[in-house]
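J.: Dropping a structure here in structure tokens format, bear with me for questions.
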Amino acid sequence: MGFSARDLAAATPATRDRYVDLLRVASLAVVVLGHWLMAAVTPDGQVGNLLAVVPGLQVLTWALQVMPVFFFVGGFSHALAHRSRPRYAEFLRARLQRLLRPTMVFVGVWGALALVLQLLGADGGLTGVALRLVTQPLWFIGIYLAMVAFTPPLLRLHGRYGWGAFAGLAAGAVAVDVLRFAAGVPYVEFLNFALVWLAVHQLGFLRADGMIRRPALLAGAGLLGAAALVAFGPYPLSMVGMPGEKVSNMAPPTLALLCHGLWLVGAVELLKGPGARFTARARVWRGVVAANGIAMTAFLWHLTAMLGVYGALLALGVRLPEPATASWWAQVPLRLAAAALLTALLVAVFRRFEFPVPPGPATAAGGPLAALGITLALLGVLGLSMTGFGGLLEGHTATLIAVRVSAPVAVAMTVAGWLLVEGTTFRRSR
């Protein structure tokens, strides 16, 4: 039986950095809201992107693309967690339990549903689109798994070099973009999935040790750097991926996105004082604690809810307005409210899988097995984010870096990786 949010809030140690918890839930909430708003479903059930329909809105991504904030917060939390649990297997399981358990349930439910729908021949139209889209947010899970896996060695580098460790990752990201855009080296851009996001993650280590002392300088440098790269370089304006564009700042990440991350990290650090005072209020803190307890479940199921709302409208014969028209904007509050309600219902069903389970001690061989497990899990999750659940019976595949993978193979890797990570701490000492 889990404790209530009120109990957990009341038991919060005075030393806890509550602002970090606020940033975690706020950044995920902005991502969810952004996904709901960007979905531009046409009257015939085709799903487009509002930012492509109204390109002028792409500038808003400079404030609303807040995934770097989540990864920055992750670095802060991982630094503290590893220092309290230095054994690799125990650290991995403690960090990944509330991430992988709800993810595996999501994958299992949607995988079974996709198979049934395809066997019944009901996987066309908006349903077919949903089968392709619902797994896309899993890329975030895969990247986060990589951050957890690399925390111990990168934390050691941080302890030795401080800002120099961050500079090394950033320099690597610069080199990758030079090789990509100036020299045309194939596949090198995929290295920035690691270098850019791990550099942002490294900023969290610096925050944990109080080493971000000039956030205004960090924000200003990041904003100016991103603006210059977009104005004079090969980088697009949007800080999220756009359909059909030759270069995306997100997939793979670019130096422009790293500068964007610097500006956001500096900005949230400038707000640390007001944020700490805000979360010191008892009612606010109870809300933050409650939201943190369901955040991953809500994130996993929010696209399901949004597509469910559109599917229900089409099934009821409601004619959807053309995206970005006056009537479309007028319906936005109602669609958001409906998506929020359906997400809440899904959270009520699946939230139990996000409850933490007390970990056992690691086995002697736990470290290597845990490393293998997290590698398989992150590759499987990333692969599934690209393949989706459409075309299961036809053997549909997608390219993961330079290798073709199918959804069944991606699911198998994810399950095997999860079991290995869990298995390293199943055996309890006598």
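FYI, nothing fancy with the structure tokens labels: chains A, B, ... in order, residues from 1 per chain, ligands from 1 as they appear.
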Select from stretch 133-239 of chain A every residue with an atom at most 12 Å from any atom of stretch 49-53 of chain A, then for each give the shortest pair of atoms and their distance in Å to one decimal, using only C-alpha atoms, rows by chain and rising number, as a Markdown table.
T.:
| residue | atom | partner | partner_atom | distance |
| --- | --- | --- | --- | --- |
| A:Leu237 | CA | A:Leu51 | CA | 10.9 |
| A:Ser238 | CA | A:Leu51 | CA | 8.5 |
| A:Met239 | CA | A:Leu51 | CA | 10.9 |
J.: For A:Ala122, find every residue with an atom within 12 Å (counting only C-alpha atoms), except residues of its own chain fewer than 6 positions away, and show them as a ChimeraX atom specification.
T.: /A:113-116,128-131,390-391
J.: Limited to N, CA and C atoms, could you put the picked residues into a file as a compact mmCIF listing (two decimals), in the first residue's frame?
T.:
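Saved file part.txt follows:
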# COMPACT_ATOMS: atom_id res chain seq x y z
N LEU A 113 -3.17 -4.93 -28.40
CA LEU A 113 -4.25 -4.25 -29.12
C LEU A 113 -3.95 -4.14 -30.60
N ALA A 114 -2.69 -3.83 -30.93
CA ALA A 114 -2.30 -3.70 -32.34
C ALA A 114 -2.47 -5.03 -33.08
N LEU A 115 -2.10 -6.12 -32.43
CA LEU A 115 -2.22 -7.43 -33.07
C LEU A 115 -3.69 -7.77 -33.32
N VAL A 116 -4.54 -7.50 -32.33
CA VAL A 116 -5.97 -7.78 -32.49
C VAL A 116 -6.56 -6.94 -33.61
N GLY A 128 -4.88 3.31 -37.76
CA GLY A 128 -3.55 3.02 -38.28
C GLY A 128 -2.54 4.11 -37.94
N VAL A 129 -3.00 5.36 -38.01
CA VAL A 129 -2.13 6.48 -37.62
C VAL A 129 -1.75 6.36 -36.15
N ALA A 130 -2.73 6.02 -35.31
CA ALA A 130 -2.47 5.87 -33.87
C ALA A 130 -1.43 4.79 -33.60
N LEU A 131 -1.53 3.67 -34.34
CA LEU A 131 -0.57 2.59 -34.15
C LEU A 131 0.85 3.03 -34.47
N GLY A 390 2.27 -0.39 -36.16
CA GLY A 390 1.61 -0.67 -37.42
C GLY A 390 2.36 -1.72 -38.23
N GLY A 391 1.64 -2.51 -39.00
CA GLY A 391 2.27 -3.49 -39.89
C GLY A 391 2.96 -4.62 -39.17
J.: Mind running stretch 64-142 of chain A against stretch 252-267 of chain A at 9 Å and telling me each contacting residue's nearest atom pair with the distance in Å (one decimal), counting only C-alpha atoms, chain and number ascending, as a tab-separated table?
T.:
residue	atom	partner	partner_atom	distance
A:Gln65	CA	A:His260	CA	8.8
A:Val66	CA	A:Leu264	CA	7.4
A:Met67	CA	A:Gly261	CA	8.4
A:Pro68	CA	A:Gly261	CA	5.2
A:Val69	CA	A:Val265	CA	6.2
A:Phe72	CA	A:Val265	CA	7.3
J.: Taking the DSSP assignment computed from this structure's backbone, write out as a PyMOL selection string all residues of stretch 155-360 of chain A that belong to helix (DSSP H, G or I).
T.: chain A and resi 155-161+163-182+188-208+215-232+255-270+272-279+282-292+295-315+326-354
J.: Using only C-alpha atoms for the distances, tell me which of A:Leu33, A:Ala149, A:Ala295, A:Val247 is nearest to A:Phe353.
T.: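 Using only C-alpha atoms, the shortest distance to A:Phe353 belongs to A:Ala295.
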J.: Quick one: everything within 8 Å of stretch 163-180 of chain A, counting only C-alpha atoms, minus sequence neighbours fewer than 3 positions away in the same chain. Send it as a CSV table (one decimal) with C-alpha atoms, in the first residue's frame.
T.:
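What landed in out-v2.csv:
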chain,number,residue,atom,x,y,z
A,154,LEU,CA,30.3,10.8,-16.3
A,157,LEU,CA,34.6,12.8,-15.0
A,158,HIS,CA,32.6,15.6,-13.4
A,183,ALA,CA,32.4,17.2,-44.6
A,184,GLY,CA,29.3,15.2,-45.3
A,185,VAL,CA,30.4,12.2,-43.2
A,186,PRO,CA,27.5,9.7,-43.2
A,188,VAL,CA,28.1,10.7,-37.8
A,189,GLU,CA,25.1,12.8,-36.8
A,191,LEU,CA,26.5,10.5,-32.2
A,192,ASN,CA,24.8,13.7,-31.1
A,195,LEU,CA,26.7,14.0,-27.0
A,196,VAL,CA,24.1,16.7,-26.9
A,198,LEU,CA,24.5,13.9,-22.1
A,199,ALA,CA,26.0,17.5,-22.2
A,202,GLN,CA,26.0,17.0,-17.2
A,203,LEU,CA,24.7,20.4,-16.3
A,206,LEU,CA,27.1,20.9,-12.0
A,254,THR,CA,22.2,19.5,-33.2
A,255,LEU,CA,24.5,22.1,-31.7
A,258,LEU,CA,22.4,22.2,-27.2
J.: In Å, with one decimal, what is the gap from atom CA of A:Leu320 to atom CA of A:Leu126?
T.: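 Computed distance, atom CA of A:Leu320 to atom CA of A:Leu126, equals 13.1 Å.
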